[in-house]
file run.cif (mmCIF, C-alpha atoms and all ligand atoms)
data_structure
loop_
_atom_site.group_PDB
_atom_site.id
_atom_site.type_symbol
_atom_site.label_atom_id
_atom_site.label_comp_id
_atom_site.auth_asym_id
_atom_site.auth_seq_id
_atom_site.Cartn_x
_atom_site.Cartn_y
_atom_site.Cartn_z
ATOM 1 C CA MET A 10 0.000 0.000 0.000
ATOM 2 C CA ALA A 11 1.258 3.464 -0.794
ATOM 3 C CA LYS A 12 1.990 5.636 2.221
ATOM 4 C CA GLY A 13 -1.017 7.663 3.259
ATOM 5 C CA VAL A 14 -3.546 5.461 1.420
ATOM 6 C CA VAL A 15 -5.855 4.480 4.238
ATOM 7 C CA LYS A 16 -9.324 3.064 3.791
ATOM 8 C CA MET A 17 -11.491 5.453 5.828
ATOM 9 C CA THR A 18 -14.325 4.044 7.898
ATOM 10 C CA SER A 19 -16.146 5.494 10.903
ATOM 11 C CA GLU A 20 -13.759 3.382 13.039
ATOM 12 C CA ASN A 21 -10.640 5.103 11.842
ATOM 13 C CA ILE A 22 -11.386 8.778 11.274
ATOM 14 C CA LYS A 23 -8.977 10.036 13.852
ATOM 15 C CA ALA A 24 -5.648 11.760 14.219
ATOM 16 C CA GLY A 25 -2.755 10.300 16.208
ATOM 17 C CA SER A 26 0.263 12.585 15.947
ATOM 18 C CA ILE A 27 2.911 12.222 18.620
ATOM 19 C CA THR A 28 5.284 15.043 19.500
ATOM 20 C CA ILE A 29 8.301 14.106 21.576
ATOM 21 C CA LYS A 30 9.861 17.324 22.848
ATOM 22 C CA ASN A 31 13.280 17.495 24.515
ATOM 23 C CA ILE A 32 12.716 14.350 26.545
ATOM 24 C CA SER A 33 15.288 13.317 29.125
ATOM 25 C CA ARG A 34 14.789 10.474 31.624
ATOM 26 C CA LYS A 35 17.207 9.425 34.337
ATOM 27 C CA TYR A 36 16.876 6.587 36.806
ATOM 28 C CA ILE A 37 18.649 5.720 40.028
ATOM 29 C CA ASP A 38 19.946 2.162 39.822
ATOM 30 C CA ALA A 39 20.177 -0.424 42.619
ATOM 31 C CA ASN A 40 23.624 0.950 43.643
ATOM 32 C CA GLY A 41 22.285 4.481 43.976
ATOM 33 C CA SER A 42 24.052 5.641 40.789
ATOM 34 C CA GLU A 43 22.347 7.785 38.204
ATOM 35 C CA VAL A 44 21.491 6.083 34.891
ATOM 36 C CA GLU A 45 20.723 8.386 32.004
ATOM 37 C CA ALA A 46 18.280 6.343 29.925
ATOM 38 C CA LEU A 47 17.219 9.027 27.429
ATOM 39 C CA GLN A 48 18.899 12.303 26.563
ATOM 40 C CA ASN A 49 17.257 15.125 24.678
ATOM 41 C CA ILE A 50 14.925 13.176 22.393
ATOM 42 C CA ASN A 51 12.976 15.177 19.825
ATOM 43 C CA LEU A 52 10.698 13.592 17.261
ATOM 44 C CA GLU A 53 7.458 14.265 15.462
ATOM 45 C CA ILE A 54 5.419 11.201 14.451
ATOM 46 C CA ASN A 55 2.645 11.897 11.939
ATOM 47 C CA PRO A 56 -0.893 10.540 12.142
ATOM 48 C CA SER A 57 -1.089 7.079 10.509
ATOM 49 C CA GLU A 58 2.671 6.836 10.246
ATOM 50 C CA PHE A 59 4.506 3.558 10.924
ATOM 51 C CA VAL A 60 7.692 4.363 12.828
ATOM 52 C CA SER A 61 10.161 1.839 14.238
ATOM 53 C CA PHE A 62 12.841 2.313 16.875
ATOM 54 C CA ILE A 63 15.932 0.184 16.690
ATOM 55 C CA GLY A 64 19.026 0.295 18.871
ATOM 56 C CA PRO A 65 21.160 -1.673 21.313
ATOM 57 C CA SER A 66 19.765 -3.198 24.467
ATOM 58 C CA GLY A 67 19.466 -0.620 27.244
ATOM 59 C CA CYS A 68 19.351 2.437 24.947
ATOM 60 C CA GLY A 69 15.988 3.522 26.346
ATOM 61 C CA LYS A 70 13.473 2.177 23.820
ATOM 62 C CA THR A 71 11.073 0.779 26.422
ATOM 63 C CA THR A 72 11.557 3.906 28.527
ATOM 64 C CA LEU A 73 10.404 6.001 25.572
ATOM 65 C CA MET A 74 7.405 3.740 24.905
ATOM 66 C CA ARG A 75 6.389 3.967 28.561
ATOM 67 C CA LEU A 76 6.576 7.759 28.355
ATOM 68 C CA ILE A 77 4.333 7.800 25.261
ATOM 69 C CA ALA A 78 1.949 5.369 26.967
ATOM 70 C CA GLY A 79 1.797 7.637 30.014
ATOM 71 C CA LEU A 80 3.103 4.867 32.290
ATOM 72 C CA ASP A 81 6.045 7.083 33.258
ATOM 73 C CA LYS A 82 6.972 10.772 33.285
ATOM 74 C CA PRO A 83 10.123 12.448 31.972
ATOM 75 C CA GLN A 84 12.246 14.720 34.189
ATOM 76 C CA GLU A 85 12.583 17.094 31.270
ATOM 77 C CA GLY A 86 10.469 17.692 28.210
ATOM 78 C CA GLU A 87 7.023 16.428 27.324
ATOM 79 C CA VAL A 88 5.140 14.086 25.034
ATOM 80 C CA LEU A 89 2.048 15.324 23.219
ATOM 81 C CA LEU A 90 -0.731 13.396 21.485
ATOM 82 C CA ASP A 91 -2.459 15.560 18.876
ATOM 83 C CA ASN A 92 -0.846 18.604 20.524
ATOM 84 C CA GLU A 93 -2.118 17.773 24.011
ATOM 85 C CA ALA A 94 0.263 16.814 26.809
ATOM 86 C CA ILE A 95 0.021 13.146 27.753
ATOM 87 C CA LYS A 96 -1.004 12.720 31.367
ATOM 88 C CA GLY A 97 -1.303 9.119 32.429
ATOM 89 C CA THR A 98 -2.514 6.111 30.493
ATOM 90 C CA ASN A 99 -5.488 6.209 28.171
ATOM 91 C CA TYR A 100 -7.093 3.690 25.794
ATOM 92 C CA GLU A 101 -6.225 6.095 22.936
ATOM 93 C CA ARG A 102 -2.714 4.694 23.239
ATOM 94 C CA GLY A 103 -2.759 0.889 23.112
ATOM 95 C CA TYR A 104 0.336 -0.987 24.341
ATOM 96 C CA VAL A 105 1.452 -4.439 23.248
ATOM 97 C CA PHE A 106 4.363 -5.957 25.173
ATOM 98 C CA GLN A 107 6.991 -8.521 24.193
ATOM 99 C CA GLN A 108 5.241 -11.179 26.244
ATOM 100 C CA ALA A 109 1.532 -11.453 25.599
ATOM 101 C CA ASN A 110 0.712 -10.301 29.171
ATOM 102 C CA LEU A 111 -2.768 -11.823 29.090
ATOM 103 C CA PHE A 112 -4.594 -12.479 32.356
ATOM 104 C CA PRO A 113 -3.841 -16.198 32.878
ATOM 105 C CA TRP A 114 -7.049 -16.737 34.858
ATOM 106 C CA GLU A 115 -9.295 -15.331 32.115
ATOM 107 C CA THR A 116 -10.341 -16.955 28.832
ATOM 108 C CA ILE A 117 -9.095 -15.567 25.508
ATOM 109 C CA GLU A 118 -12.524 -14.018 24.977
ATOM 110 C CA ASN A 119 -12.521 -12.323 28.395
ATOM 111 C CA ASN A 120 -8.974 -11.094 27.863
ATOM 112 C CA ILE A 121 -9.972 -9.500 24.569
ATOM 113 C CA SER A 122 -13.044 -7.846 26.066
ATOM 114 C CA ALA A 123 -11.191 -6.626 29.189
ATOM 115 C CA GLY A 124 -10.584 -3.140 27.748
ATOM 116 C CA LEU A 125 -14.271 -2.675 26.936
ATOM 117 C CA LYS A 126 -15.163 -3.689 30.491
ATOM 118 C CA ALA A 127 -12.546 -1.316 31.949
ATOM 119 C CA ARG A 128 -14.095 1.514 29.931
ATOM 120 C CA LYS A 129 -17.569 0.396 31.015
ATOM 121 C CA VAL A 130 -18.763 0.111 27.419
ATOM 122 C CA TYR A 131 -18.976 -3.684 27.285
ATOM 123 C CA LYS A 132 -22.793 -3.796 27.312
ATOM 124 C CA GLU A 133 -23.146 -1.545 24.285
ATOM 125 C CA GLN A 134 -20.127 -2.887 22.426
ATOM 126 C CA LYS A 135 -20.052 -6.610 23.186
ATOM 127 C CA ASP A 136 -20.749 -7.434 19.533
ATOM 128 C CA LYS A 137 -17.244 -6.176 18.813
ATOM 129 C CA VAL A 138 -15.692 -9.098 20.685
ATOM 130 C CA SER A 139 -16.556 -11.776 18.120
ATOM 131 C CA HIS A 140 -15.407 -9.434 15.334
ATOM 132 C CA TYR A 141 -12.008 -8.998 16.990
ATOM 133 C CA ILE A 142 -11.720 -12.722 17.701
ATOM 134 C CA LYS A 143 -12.190 -13.218 13.971
ATOM 135 C CA ILE A 144 -9.579 -10.546 13.118
ATOM 136 C CA ALA A 145 -7.132 -12.446 15.333
ATOM 137 C CA GLY A 146 -8.112 -15.797 13.762
ATOM 138 C CA LEU A 147 -9.030 -17.169 17.182
ATOM 139 C CA GLN A 148 -12.462 -18.597 16.395
ATOM 140 C CA GLY A 149 -12.890 -21.822 18.326
ATOM 141 C CA PHE A 150 -10.480 -20.667 21.050
ATOM 142 C CA GLU A 151 -12.795 -18.188 22.780
ATOM 143 C CA LYS A 152 -13.100 -20.337 25.917
ATOM 144 C CA SER A 153 -9.435 -21.395 25.990
ATOM 145 C CA TYR A 154 -7.089 -20.028 28.628
ATOM 146 C CA PRO A 155 -3.811 -18.337 27.610
ATOM 147 C CA HIS A 156 -1.720 -21.405 28.565
ATOM 148 C CA GLN A 157 -3.831 -23.506 26.166
ATOM 149 C CA VAL A 158 -2.920 -21.512 23.032
ATOM 150 C CA SER A 159 0.362 -21.021 21.134
ATOM 151 C CA GLY A 160 2.658 -18.003 21.625
ATOM 152 C CA GLY A 161 1.552 -16.561 18.271
ATOM 153 C CA MET A 162 -2.130 -16.964 19.150
ATOM 154 C CA ALA A 163 -1.590 -15.338 22.553
ATOM 155 C CA GLN A 164 0.208 -12.439 20.890
ATOM 156 C CA ARG A 165 -2.615 -12.036 18.358
ATOM 157 C CA ALA A 166 -5.040 -11.945 21.287
ATOM 158 C CA SER A 167 -3.019 -9.205 23.010
ATOM 159 C CA LEU A 168 -2.876 -7.258 19.744
ATOM 160 C CA VAL A 169 -6.667 -7.222 19.330
ATOM 161 C CA ARG A 170 -7.096 -6.632 23.064
ATOM 162 C CA ALA A 171 -5.332 -3.296 22.477
ATOM 163 C CA LEU A 172 -7.154 -2.640 19.175
ATOM 164 C CA ILE A 173 -10.676 -3.266 20.416
ATOM 165 C CA ASN A 174 -10.631 0.171 22.039
ATOM 166 C CA ASN A 175 -9.815 1.676 18.649
ATOM 167 C CA PRO A 176 -6.680 3.531 19.805
ATOM 168 C CA LYS A 177 -5.221 6.409 17.832
ATOM 169 C CA VAL A 178 -1.757 5.039 18.515
ATOM 170 C CA LEU A 179 -0.527 1.490 18.944
ATOM 171 C CA LEU A 180 2.717 1.096 20.898
ATOM 172 C CA LEU A 181 4.410 -2.184 20.050
ATOM 173 C CA ASP A 182 7.381 -3.000 22.293
ATOM 174 C CA GLU A 183 9.074 -5.954 20.578
ATOM 175 C CA PRO A 184 5.732 -7.742 20.276
ATOM 176 C CA LEU A 185 7.112 -10.348 17.881
ATOM 177 C CA GLY A 186 10.494 -10.813 19.552
ATOM 178 C CA ALA A 187 9.664 -14.091 21.270
ATOM 179 C CA LEU A 188 8.069 -15.752 18.231
ATOM 180 C CA ASP A 189 9.535 -18.177 15.677
ATOM 181 C CA ALA A 190 10.370 -16.838 12.196
ATOM 182 C CA PHE A 191 7.216 -18.200 10.485
ATOM 183 C CA THR A 192 4.829 -16.830 13.086
ATOM 184 C CA ARG A 193 6.718 -13.561 13.127
ATOM 185 C CA ILE A 194 6.371 -13.033 9.369
ATOM 186 C CA ASP A 195 2.706 -13.971 9.565
ATOM 187 C CA LEU A 196 2.117 -11.408 12.306
ATOM 188 C CA GLN A 197 4.126 -8.735 10.482
ATOM 189 C CA ASN A 198 1.667 -9.103 7.599
ATOM 190 C CA LYS A 199 -1.252 -8.986 10.027
ATOM 191 C CA LEU A 200 0.114 -5.750 11.502
ATOM 192 C CA LEU A 201 0.433 -4.218 8.029
ATOM 193 C CA GLU A 202 -3.115 -5.234 7.185
ATOM 194 C CA LEU A 203 -4.492 -3.713 10.389
ATOM 195 C CA TRP A 204 -2.486 -0.551 9.865
ATOM 196 C CA ARG A 205 -3.684 -0.204 6.271
ATOM 197 C CA ASP A 206 -7.328 -0.774 7.190
ATOM 198 C CA ARG A 207 -7.450 1.396 10.311
ATOM 199 C CA GLY A 208 -4.877 4.146 9.864
ATOM 200 C CA THR A 209 -3.634 3.718 13.444
ATOM 201 C CA THR A 210 -0.305 5.406 14.134
ATOM 202 C CA MET A 211 2.126 2.542 14.775
ATOM 203 C CA VAL A 212 5.212 2.885 16.977
ATOM 204 C CA LEU A 213 7.263 -0.299 16.989
ATOM 205 C CA VAL A 214 10.373 -1.251 18.941
ATOM 206 C CA THR A 215 12.310 -4.067 17.341
ATOM 207 C CA HIS A 216 15.775 -5.613 17.300
ATOM 208 C CA ASP A 217 15.117 -7.018 13.858
ATOM 209 C CA VAL A 218 16.399 -4.774 11.046
ATOM 210 C CA ASP A 219 14.441 -6.701 8.385
ATOM 211 C CA GLU A 220 11.240 -6.303 10.371
ATOM 212 C CA ALA A 221 11.820 -2.560 10.694
ATOM 213 C CA ILE A 222 12.431 -2.165 6.943
ATOM 214 C CA TYR A 223 9.534 -4.435 5.987
ATOM 215 C CA LEU A 224 7.040 -2.485 8.070
ATOM 216 C CA SER A 225 8.092 1.117 8.554
ATOM 217 C CA ASP A 226 7.786 4.492 6.909
ATOM 218 C CA ARG A 227 10.710 5.672 9.036
ATOM 219 C CA ILE A 228 13.271 3.919 11.208
ATOM 220 C CA VAL A 229 14.743 5.750 14.195
ATOM 221 C CA VAL A 230 18.219 4.438 14.947
ATOM 222 C CA MET A 231 19.163 4.986 18.602
ATOM 223 C CA SER A 232 22.657 5.182 20.082
ATOM 224 C CA PRO A 233 23.813 3.217 23.158
ATOM 225 C CA ARG A 234 23.091 4.678 26.575
ATOM 226 C CA PRO A 235 22.385 7.483 27.152
ATOM 227 C CA GLY A 236 19.820 6.854 24.425
ATOM 228 C CA LYS A 237 19.817 9.527 21.744
ATOM 229 C CA ILE A 238 18.502 9.591 18.213
ATOM 230 C CA GLU A 239 21.475 8.697 16.057
ATOM 231 C CA GLU A 240 19.707 8.923 12.730
ATOM 232 C CA ILE A 241 16.267 8.745 11.143
ATOM 233 C CA VAL A 242 16.076 6.600 8.016
ATOM 234 C CA ASP A 243 13.260 7.134 5.510
ATOM 235 C CA VAL A 244 12.139 3.833 3.997
ATOM 236 C CA LYS A 245 11.142 4.846 0.514
ATOM 237 C CA LEU A 246 10.427 1.321 -0.779
ATOM 238 C CA SER A 247 6.946 0.785 -2.183
ATOM 239 C CA ARG A 248 4.663 -1.762 -0.538
ATOM 240 C CA PRO A 249 4.299 -4.725 -0.570
ATOM 241 C CA ARG A 250 8.018 -5.033 0.117
ATOM 242 C CA SER A 251 10.243 -7.941 -0.751
ATOM 243 C CA ARG A 252 13.015 -8.930 1.635
ATOM 244 C CA SER A 253 15.134 -10.099 -1.290
ATOM 245 C CA ASP A 254 14.786 -6.881 -3.272
ATOM 246 C CA GLU A 255 18.101 -5.209 -4.039
ATOM 247 C CA ASN A 256 17.069 -1.891 -2.463
ATOM 248 C CA PHE A 257 15.798 -3.700 0.641
ATOM 249 C CA LEU A 258 19.147 -5.442 1.046
ATOM 250 C CA HIS A 259 21.004 -2.196 0.465
ATOM 251 C CA LEU A 260 19.025 -0.470 3.203
ATOM 252 C CA ARG A 261 19.592 -3.449 5.488
ATOM 253 C CA THR A 262 23.376 -3.112 5.133
ATOM 254 C CA GLU A 263 23.141 0.639 5.658
ATOM 255 C CA ILE A 264 21.223 0.245 8.932
ATOM 256 C CA LEU A 265 23.438 -2.587 10.182
ATOM 257 C CA GLU A 266 26.431 -0.327 9.546
ATOM 258 C CA LYS A 267 24.813 2.473 11.543
ATOM 259 C CA LEU A 268 24.330 -0.016 14.366
ATOM 260 C CA ASN A 269 27.949 -1.229 13.956
ATOM 261 C CA LEU A 270 26.648 -4.733 13.304
ATOM 262 C CA ALA A 271 27.586 -5.102 9.652
ATOM 263 C CA SER A 272 30.575 -7.346 10.362
ATOM 264 C CA ALA A 273 31.644 -9.649 13.192
ATOM 265 C CA PRO A 274 33.408 -7.878 16.072
ATOM 266 C CA LYS A 275 37.191 -8.424 16.395
ATOM 267 C CA SER A 276 36.757 -9.501 19.990
ATOM 268 C CA LEU A 277 33.701 -9.984 22.109
ATOM 269 C CA GLU A 278 33.473 -7.701 25.097
ATOM 270 C CA TYR A 279 31.049 -9.957 26.921
ATOM 271 C CA TYR A 280 29.715 -13.467 26.741
ATOM 272 C CA ILE A 281 26.046 -14.221 27.183
HETATM 273 N N1 LIG A 301 12.811 1.501 36.672
HETATM 274 C C1 LIG A 301 14.109 1.592 36.415
HETATM 275 N N2 LIG A 301 14.997 1.807 37.401
HETATM 276 C C2 LIG A 301 16.312 1.931 37.149
HETATM 277 N N3 LIG A 301 16.855 1.856 35.917
HETATM 278 C C3 LIG A 301 16.019 1.624 34.894
HETATM 279 C C4 LIG A 301 14.603 1.473 35.078
HETATM 280 N N4 LIG A 301 14.034 1.254 33.870
HETATM 281 C C5 LIG A 301 15.031 1.259 32.969
HETATM 282 N N5 LIG A 301 16.218 1.482 33.574
HETATM 283 C C6 LIG A 301 17.525 1.590 32.912
HETATM 284 O O1 LIG A 301 17.401 2.495 31.831
HETATM 285 C C7 LIG A 301 18.119 2.035 30.698
HETATM 286 C C8 LIG A 301 17.171 1.922 29.530
HETATM 287 O O2 LIG A 301 16.269 0.848 29.771
HETATM 288 P P1 LIG A 301 15.177 0.396 28.704
HETATM 289 O O3 LIG A 301 14.418 -0.728 29.312
HETATM 290 O O4 LIG A 301 14.417 1.577 28.273
HETATM 291 O O5 LIG A 301 16.098 -0.110 27.499
HETATM 292 P P2 LIG A 301 15.708 -0.845 26.135
HETATM 293 O O6 LIG A 301 16.318 -0.067 25.031
HETATM 294 O O7 LIG A 301 14.249 -1.074 26.095
HETATM 295 O O8 LIG A 301 16.476 -2.240 26.275
HETATM 296 P P3 LIG A 301 16.080 -3.684 25.667
HETATM 297 O O9 LIG A 301 16.377 -3.593 24.197
HETATM 298 O O10 LIG A 301 17.005 -4.628 26.366
HETATM 299 O O11 LIG A 301 14.645 -3.939 25.971
HETATM 300 C C9 LIG A 301 18.762 0.711 31.121
HETATM 301 O O12 LIG A 301 20.083 0.966 31.504
HETATM 302 C C10 LIG A 301 17.952 0.264 32.302
HETATM 303 O O13 LIG A 301 18.732 -0.473 33.199
HETATM 304 MG MG MG A 302 13.015 -2.794 26.032
#

call {"tool": "encode", "arguments": {"input": "run.cif", "output": "structure tokens", "more": "lines below"}}
Ligand SMILES: Nc1ncnc2c1ncn2[C@@H]1O[C@H](COP(=O)(O)OP(=O)(O)OP(=O)(O)O)[C@@H](O)[C@H]1O
Ligand SMILES: [Mg+2]
result
Amino acid sequence: MAKGVVKMTSENIKAGSITIKNISRKYIDANGSEVEALQNINLEINPSEFVSFIGPSGCGKTTLMRLIAGLDKPQEGEVLLDNEAIKGTNYERGYVFQQANLFPWETIENNISAGLKARKVYKEQKDKVSHYIKIAGLQGFEKSYPHQVSGGMAQRASLVRALINNPKVLLLDEPLGALDAFTRIDLQNKLLELWRDRGTTMVLVTHDVDEAIYLSDRIVVMSPRPGKIEEIVDVKLSRPRSRSDENFLHLRTEILEKLNLASAPKSLEYYI
């Protein structure tokens, strides 16, 4: 799909711009030392844009997502949604975590409808639940518990659990990181389909360069701690994208070089 071509329905006429203004966030670690997680982050994300963040572990990606979600506050700067300062969490900003984070004691169906119940709109909107179960391809698993479904199914359930509230922005913090390659590619396509149909602003954190190129309009490359924006890469490839396309591979090398991952290190500094 060409950028900006969004099928408009009553569900998706909405904005969803995010303004990140001079954000800095420090923590105090267990030893009492100051940890500067984010330093002077500035970024404008447009409504319906698909933006990915990529960078080394500990560079502040989750910290930034938590600030956009309203789960945390910066010491300096502010985050705005459609020009209004974000204060606390709100269903307008859905959050999908790396682990599915479903309530283990609730069925798939009850997990998916939890957001409607929290907003006290379940009675009027309960017809939506079967629609979203269908979107997630979970028909027949409504009464299953999270431990009775696969990792991919659980992650699809947590995706529609966030979407059922029709958020303006979907925050995706490595949602596909724990999945096998087949399931991951399947869910990448599902994400693209949902994005195309709904026009939700997508903010994705990933460690996977191919995933970032396959999905995004722009890729924000972060530097190691203190996390700063190293570079913003425009992905100008038309959709649907092919991972074996010459331009795709070229961009892949370019981003790996920016992350200093293009070739094997001369010596490892640590062993996992
Ligand atoms: N609540 C906290 N208290 C103290 N330090 C924290 C806290 N949360 C995050 N940090 C520190 O802030 C830095 C950034 O953490 P963050 O989780 O945002 O990184 P990340 O880029 O998401 O890493 P990963 O790719 O491994 O998920 C890390 O050094 C981390 O130890
Ligand atoms: Mg993280």

call {"tool": "residues_near_ligand", "arguments": {"input": "run.cif", "ligand": "ligand MG 302 (chain A)", "cutoff": "9 Å", "atoms": "only C-alpha atoms and all ligand atoms", "output": "tab-separated table (two decimals) with C-alpha atoms, in the frame of the given file"}}
result
chain	number	residue	atom	x	y	z
A	66	SER	CA	19.76	-3.20	24.47
A	67	GLY	CA	19.47	-0.62	27.24
A	68	CYS	CA	19.35	2.44	24.95
A	69	GLY	CA	15.99	3.52	26.35
A	70	LYS	CA	13.47	2.18	23.82
A	71	THR	CA	11.07	0.78	26.42
A	72	THR	CA	11.56	3.91	28.53
A	74	MET	CA	7.40	3.74	24.90
A	107	GLN	CA	6.99	-8.52	24.19
A	182	ASP	CA	7.38	-3.00	22.29
A	183	GLU	CA	9.07	-5.95	20.58
A	214	VAL	CA	10.37	-1.25	18.94
A	215	THR	CA	12.31	-4.07	17.34

call {"tool": "atom_distance", "arguments": {"input": "run.cif", "atom1": "atom CA of Tyr36 of chain A", "atom2": "atom CA of Ala94 of chain A"}}
result
21.9 Å

call {"tool": "axis_aligned_box", "arguments": {"input": "run.cif", "around": "ligand LIG 301 (chain A)", "padding_each_side": "3 Å", "output": "AutoDock Vina command-line options"}}
result
--center_x 16.4 --center_y -1.1 --center_z 30.8 --size_x 13.3 --size_y 13.1 --size_z 19.2

call {"tool": "resolve_selection", "arguments": {"input": "run.cif", "expression": "the PyMOL selection byres (((chain A and resi 78) around 12) and not hetatm)", "output": "PyMOL selection string"}}
result
chain A and resi 27+71-77+79-83+88-90+94-106+176-182+212

call {"tool": "atom_distance", "arguments": {"input": "run.cif", "atom1": "atom O4 of ligand LIG 301 (chain A)", "atom2": "atom CA of Ala46 of chain A"}}
result
6.4 Å

call {"tool": "resolve_selection", "arguments": {"input": "run.cif", "expression": "the PyMOL selection byres (((chain A and resi 52-59) around 6) and not hetatm)", "output": "list of chain:residue names"}}
result
A:Ala24, A:Gly25, A:Ser26, A:Ile27, A:Thr28, A:Ile29, A:Asn51, A:Val60, A:Gly208, A:Thr209, A:Thr210, A:Met211, A:Ser225, A:Asp226

call {"tool": "write_last_selection", "arguments": {"input": "run.cif", "atoms": "C-alpha atoms", "output": "mmCIF file, in the coordinates of the input"}}
result
data_model
loop_
_atom_site.group_PDB
_atom_site.id
_atom_site.type_symbol
_atom_site.label_atom_id
_atom_site.label_comp_id
_atom_site.auth_asym_id
_atom_site.auth_seq_id
_atom_site.Cartn_x
_atom_site.Cartn_y
_atom_site.Cartn_z
ATOM 1 C CA ALA A 24 -5.648 11.760 14.219
ATOM 2 C CA GLY A 25 -2.755 10.300 16.208
ATOM 3 C CA SER A 26 0.263 12.585 15.947
ATOM 4 C CA ILE A 27 2.911 12.222 18.620
ATOM 5 C CA THR A 28 5.284 15.043 19.500
ATOM 6 C CA ILE A 29 8.301 14.106 21.576
ATOM 7 C CA ASN A 51 12.976 15.177 19.825
ATOM 8 C CA VAL A 60 7.692 4.363 12.828
ATOM 9 C CA GLY A 208 -4.877 4.146 9.864
ATOM 10 C CA THR A 209 -3.634 3.718 13.444
ATOM 11 C CA THR A 210 -0.305 5.406 14.134
ATOM 12 C CA MET A 211 2.126 2.542 14.775
ATOM 13 C CA SER A 225 8.092 1.117 8.554
ATOM 14 C CA ASP A 226 7.786 4.492 6.909
#

call {"tool": "atom_distance", "arguments": {"input": "run.cif", "atom1": "atom CA of Leu224 of chain A", "atom2": "atom CA of Asp91 of chain A"}}
result
23.1 Å

call {"tool": "resolve_selection", "arguments": {"input": "run.cif", "expression": "the PyMOL selection byres (((chain A and resi 149-162) around 10) and not hetatm)", "output": "ChimeraX atom specification"}}
result
/A:108-121,138-139,142-143,145-148,163-168,184-185,187-189,191-193,195-196

call {"tool": "closest_residue", "arguments": {"input": "run.cif", "among": "A:Lys237, A:Lys135, A:Arg128, A:Lys245", "to": "ligand LIG 301 (chain A)", "atoms": "only C-alpha atoms and all ligand atoms"}}
result
A:Lys237

call {"tool": "residues_around", "arguments": {"input": "run.cif", "residues": "Glu45 of chain A", "least_positions_apart": "4", "cutoff": "10 Å", "atoms": "all atoms listed in the file", "output": "list in words"}}
result
Ser33, Arg34, Lys35, Tyr36, Ile37, Cys68, Gly69, Arg234, Pro235 and Gly236 of chain A

call {"tool": "write_last_selection", "arguments": {"input": "run.cif", "atoms": "C-alpha atoms", "output": "PDB file, keeping the file's coordinate frame"}}
result
ATOM      1  CA  SER A  33      15.288  13.317  29.125  1.00  0.00           C
ATOM      2  CA  ARG A  34      14.789  10.474  31.624  1.00  0.00           C
ATOM      3  CA  LYS A  35      17.207   9.425  34.337  1.00  0.00           C
ATOM      4  CA  TYR A  36      16.876   6.587  36.806  1.00  0.00           C
ATOM      5  CA  ILE A  37      18.649   5.720  40.028  1.00  0.00           C
ATOM      6  CA  CYS A  68      19.351   2.437  24.947  1.00  0.00           C
ATOM      7  CA  GLY A  69      15.988   3.522  26.346  1.00  0.00           C
ATOM      8  CA  ARG A 234      23.091   4.678  26.575  1.00  0.00           C
ATOM      9  CA  PRO A 235      22.385   7.483  27.152  1.00  0.00           C
ATOM     10  CA  GLY A 236      19.820   6.854  24.425  1.00  0.00           C
TER      11      GLY A 236
END

call {"tool": "decode", "arguments": {"input": "run.cif", "residues": "segment 150-158 of chain A", "atoms": "N, CA, C and O atoms", "output": "short mmCIF file (atom, residue, chain, number, x, y, z; two decimals), in the first residue's frame"}}
result
data_model
loop_
_atom_site.label_atom_id
_atom_site.label_comp_id
_atom_site.auth_asym_id
_atom_site.auth_seq_id
_atom_site.Cartn_x
_atom_site.Cartn_y
_atom_site.Cartn_z
N PHE A 150 -11.34 -20.73 19.86
CA PHE A 150 -10.48 -20.67 21.05
C PHE A 150 -10.99 -19.66 22.08
O PHE A 150 -10.28 -19.30 23.01
N GLU A 151 -12.23 -19.21 21.90
CA GLU A 151 -12.80 -18.19 22.78
C GLU A 151 -12.73 -18.60 24.24
O GLU A 151 -12.44 -17.78 25.12
N LYS A 152 -13.01 -19.88 24.52
CA LYS A 152 -13.10 -20.34 25.92
C LYS A 152 -11.77 -20.93 26.42
O LYS A 152 -11.69 -21.42 27.54
N SER A 153 -10.75 -20.88 25.56
CA SER A 153 -9.43 -21.39 25.99
C SER A 153 -8.78 -20.39 26.92
O SER A 153 -9.04 -19.19 26.84
N TYR A 154 -7.88 -20.90 27.76
CA TYR A 154 -7.09 -20.03 28.63
C TYR A 154 -5.74 -19.77 27.95
O TYR A 154 -5.31 -20.58 27.11
N PRO A 155 -5.06 -18.67 28.30
CA PRO A 155 -3.81 -18.34 27.61
C PRO A 155 -2.80 -19.49 27.54
O PRO A 155 -2.14 -19.67 26.51
N HIS A 156 -2.72 -20.33 28.61
CA HIS A 156 -1.72 -21.40 28.57
C HIS A 156 -2.13 -22.51 27.59
O HIS A 156 -1.33 -23.40 27.29
N GLN A 157 -3.37 -22.46 27.08
CA GLN A 157 -3.83 -23.51 26.17
C GLN A 157 -3.67 -23.11 24.69
O GLN A 157 -4.12 -23.84 23.81
N VAL A 158 -3.11 -21.93 24.43
CA VAL A 158 -2.92 -21.51 23.03
C VAL A 158 -1.43 -21.28 22.77
O VAL A 158 -0.63 -21.16 23.70
#
